[in-house]
Amino acid sequence: MTDLTKNIIEKFDLEHELYFDFTNKVHLLISDLLEGSGVRVHSVTCRIKEKNSLLKKLAKPGHSYVHLSDVTDIAGIRITTFFADEVDRVAKLIEEEFAIDLVNSTDKRAALDPDRFGYLSLHHVASLADERTNLTEYRRFNNLKVEIQTRSILQHAWAEIEHDLGYKTALGIPNEIRRRFSRLAGLLELADSEFVAIRDALMTYEDTVSEKIERIPQLVEINKASLESFVMNSEVVRRIDEAIARINGGTVEDAGPKYVEVEIPRLARLGFDSIGELENSIAKHEALVIAFAERWLSDADRGLEFAKGVTLLYFEYVIVAEARDKTLPKELFESGIGLRAESEQLAEKVIATYQAISG
């Protein structure tokens, strides 16, 4: 060990606790900044470089470290996003909130060759901005640097597996296997892009489905977004929800529907394919649904706050009871309306309640 390396290691030992506190402080700060900006990420993790790792870094040829501060990745933060385009959103936030060391920061995504080996991330070397180091709680961290890595889940998966394989460069891998790596990197890049496109398509669908339901309900399939929109906007659902709540002096929640997604397979099993078909059937059965709920609810249910869209549950009960298929009630109840052990008893109660109100 050279005298220079020894001095750096001694300095590291002296300042280890300071770097530990700094790393955790930056971790909390970034987590708060992301939450405050509305950027939802998969994870934010932190680490402080271990002494053995620092020794290996100092011993690498081609690098000359004179001071501990020359090592810019002692404190490390990793931000893993769900989508590839969110890496740039996170980068913008980091660049706005921290002082960036442009010389040591690298966008390894842009540095890759077209036939690249690897699938890498965005690295910022940063320190706290003056506005923060002027504050008492941050003052002792003045001039300390942290490496902030940002990448998508798929980029992270690639990097972790690549690291586990133990090969640092393409030159260390046989040509045929290198070609397989290149194909896989292209597939992952395509997958990252497709996830972004799928997310955007879902957002567009959610934004436009209400208008489609109003205009062409028979052509709108039943899915999570369409059923939520239907429950939120349908006059007949609102009317029945409120009638059910009034039976025992209850109320309907102001919040959006909570359990809509579990209704989708049941409605499909009952033969409903479109929102228009569902709406027509609910309107046709409105009186029966309300009568069923009135007979079903007991005094113990008085004053309940019902979830928006509770209409669907009692509507399903009515349709199940109307069906001639005697296996249908048990099958549906086992799929989520009640516990499996109670499904047969529940089916009998549903049918008995329906018979009592329908004569």
# chains A, B, ... in the order shown; residues from 1 in each chain; ligands from 1
>>> residues_around(residues="range 9-25 of chain A", least_positions_apart="4", cutoff="8 Å", atoms="only C-alpha atoms", output="list in words")
Thr5, Leu29, Cys46, Arg47, Ile48, Lys51, Leu55, Leu68, Ile74, Ala75, Gly76, Ile77, Phe141, Leu144 and Val146 of chain A
>>> select_by_dssp(residues="range 57-143 of chain A", states="alpha helix (DSSP H)", output="ChimeraX atom specification")
/A:57-59,86-97,108-111,130-133
>>> atom_distance(atom1="CA of Arg132 in chain A", atom2="CA of Ser31 in chain A")
15.8 Å
>>> residues_around(residues="range 147-152 of chain A", least_positions_apart="2", cutoff="10 Å", atoms="only C-alpha atoms", output="MDAnalysis selection string")
chainID A and resid 23 26:27 30 41:42 44:46 71:88 90:91 94 100:101 104:107 109 119:127 145 154:159 192
>>> select_by_dssp(residues="range 12-218 of chain A", states="strand (DSSP E or B)", output="ChimeraX atom specification")
/A:43-48,75-81,98-100,106-107,122-128,146-152
>>> write_last_selection(atoms="C-alpha atoms", output="CSV table (one decimal), in the first residue's frame")
chain,number,residue,atom,x,y,z
A,43,SER,CA,-37.3,2.0,-5.2
A,44,VAL,CA,-34.7,4.4,-3.8
A,45,THR,CA,-31.8,2.6,-2.1
A,46,CYS,CA,-28.5,3.8,-0.6
A,47,ARG,CA,-25.1,2.3,0.3
A,48,ILE,CA,-21.7,3.5,1.5
A,75,ALA,CA,-21.8,7.6,-0.9
A,76,GLY,CA,-24.2,6.0,-3.4
A,77,ILE,CA,-27.9,6.3,-4.2
A,78,ARG,CA,-29.7,4.1,-6.7
A,79,ILE,CA,-33.1,5.1,-8.0
A,80,THR,CA,-35.0,2.5,-9.9
A,81,THR,CA,-37.9,3.7,-12.0
A,98,PHE,CA,-28.3,19.3,-6.4
A,99,ALA,CA,-25.0,20.8,-7.5
A,100,ILE,CA,-23.9,18.5,-10.3
A,106,THR,CA,-22.0,10.3,-17.2
A,107,ASP,CA,-25.0,9.2,-19.2
A,122,LEU,CA,-27.5,7.5,-15.8
A,123,HIS,CA,-24.9,8.5,-13.2
A,124,HIS,CA,-24.9,11.9,-11.5
A,125,VAL,CA,-22.1,12.9,-9.2
A,126,ALA,CA,-23.6,15.5,-7.0
A,127,SER,CA,-23.3,17.5,-3.9
A,128,LEU,CA,-25.8,19.4,-1.8
A,146,VAL,CA,-22.7,11.3,-3.8
A,147,GLU,CA,-23.1,9.2,-6.9
A,148,ILE,CA,-26.7,8.9,-7.9
A,149,GLN,CA,-27.5,6.1,-10.3
A,150,THR,CA,-30.9,6.1,-12.1
A,151,ARG,CA,-32.2,3.3,-14.3
A,152,SER,CA,-35.4,1.5,-15.1
>>> residues_around(residues="Ala352 in chain A", least_positions_apart="2", cutoff="12 Å", atoms="only C-alpha atoms", output="CSV table (one decimal) with C-alpha atoms, in the first residue's frame")
chain,number,residue,atom,x,y,z
A,292,PHE,CA,-83.5,-7.8,-3.1
A,295,ARG,CA,-84.9,-8.0,2.0
A,296,TRP,CA,-81.2,-9.0,2.3
A,317,TYR,CA,-77.2,-11.8,-6.9
A,318,VAL,CA,-80.4,-11.2,-8.8
A,320,VAL,CA,-77.5,-15.5,-10.5
A,321,ALA,CA,-80.9,-16.3,-8.9
A,322,GLU,CA,-82.7,-15.9,-12.2
A,345,GLN,CA,-75.1,-21.8,1.9
A,346,LEU,CA,-74.8,-18.3,0.4
A,347,ALA,CA,-76.2,-19.6,-2.9
A,348,GLU,CA,-79.2,-21.0,-1.2
A,349,LYS,CA,-79.8,-17.8,0.6
A,350,VAL,CA,-79.6,-15.7,-2.6
A,354,TYR,CA,-85.0,-13.8,-4.9
A,355,GLN,CA,-87.9,-16.2,-4.7
A,356,ALA,CA,-89.4,-14.2,-1.8
A,357,ILE,CA,-89.4,-10.9,-3.8
A,358,SER,CA,-90.4,-12.3,-7.2
A,359,GLY,CA,-93.3,-14.4,-6.1
>>> residues_around(residues="range 275-280 of chain A", least_positions_apart="2", cutoff="7 Å", atoms="only C-alpha atoms", output="PyMOL selection string")
chain A and resi 217-218+220-222+272+282-284
>>> write_last_selection(atoms="N, CA and C atoms", output="PDB file, in the first residue's frame")
ATOM      1  N   PRO A 217     -72.078   2.827 -26.093  1.00  0.00           N
ATOM      2  CA  PRO A 217     -71.876   1.889 -24.974  1.00  0.00           C
ATOM      3  C   PRO A 217     -71.846   0.419 -25.391  1.00  0.00           C
ATOM      4  N   GLN A 218     -72.583   0.076 -26.454  1.00  0.00           N
ATOM      5  CA  GLN A 218     -72.621  -1.321 -26.888  1.00  0.00           C
ATOM      6  C   GLN A 218     -71.278  -1.800 -27.434  1.00  0.00           C
ATOM      7  N   VAL A 220     -68.302  -0.761 -26.121  1.00  0.00           N
ATOM      8  CA  VAL A 220     -67.265  -0.625 -25.091  1.00  0.00           C
ATOM      9  C   VAL A 220     -67.212  -1.901 -24.261  1.00  0.00           C
ATOM     10  N   GLU A 221     -66.082  -2.595 -24.341  1.00  0.00           N
ATOM     11  CA  GLU A 221     -65.929  -3.841 -23.580  1.00  0.00           C
ATOM     12  C   GLU A 221     -65.848  -3.548 -22.091  1.00  0.00           C
ATOM     13  N   ILE A 222     -66.170  -4.552 -21.299  1.00  0.00           N
ATOM     14  CA  ILE A 222     -66.087  -4.410 -19.844  1.00  0.00           C
ATOM     15  C   ILE A 222     -64.657  -4.713 -19.401  1.00  0.00           C
ATOM     16  N   PHE A 272     -72.103 -10.959 -19.694  1.00  0.00           N
ATOM     17  CA  PHE A 272     -72.075  -9.547 -20.080  1.00  0.00           C
ATOM     18  C   PHE A 272     -70.735  -9.203 -20.722  1.00  0.00           C
ATOM     19  N   ILE A 282     -79.137  -3.743 -16.021  1.00  0.00           N
ATOM     20  CA  ILE A 282     -79.302  -3.146 -14.689  1.00  0.00           C
ATOM     21  C   ILE A 282     -80.569  -2.293 -14.646  1.00  0.00           C
ATOM     22  N   ALA A 283     -80.785  -1.499 -15.687  1.00  0.00           N
ATOM     23  CA  ALA A 283     -81.987  -0.664 -15.737  1.00  0.00           C
ATOM     24  C   ALA A 283     -83.247  -1.528 -15.732  1.00  0.00           C
ATOM     25  N   LYS A 284     -83.214  -2.628 -16.457  1.00  0.00           N
ATOM     26  CA  LYS A 284     -84.355  -3.543 -16.524  1.00  0.00           C
ATOM     27  C   LYS A 284     -84.648  -4.173 -15.165  1.00  0.00           C
TER      28      LYS A 284
END
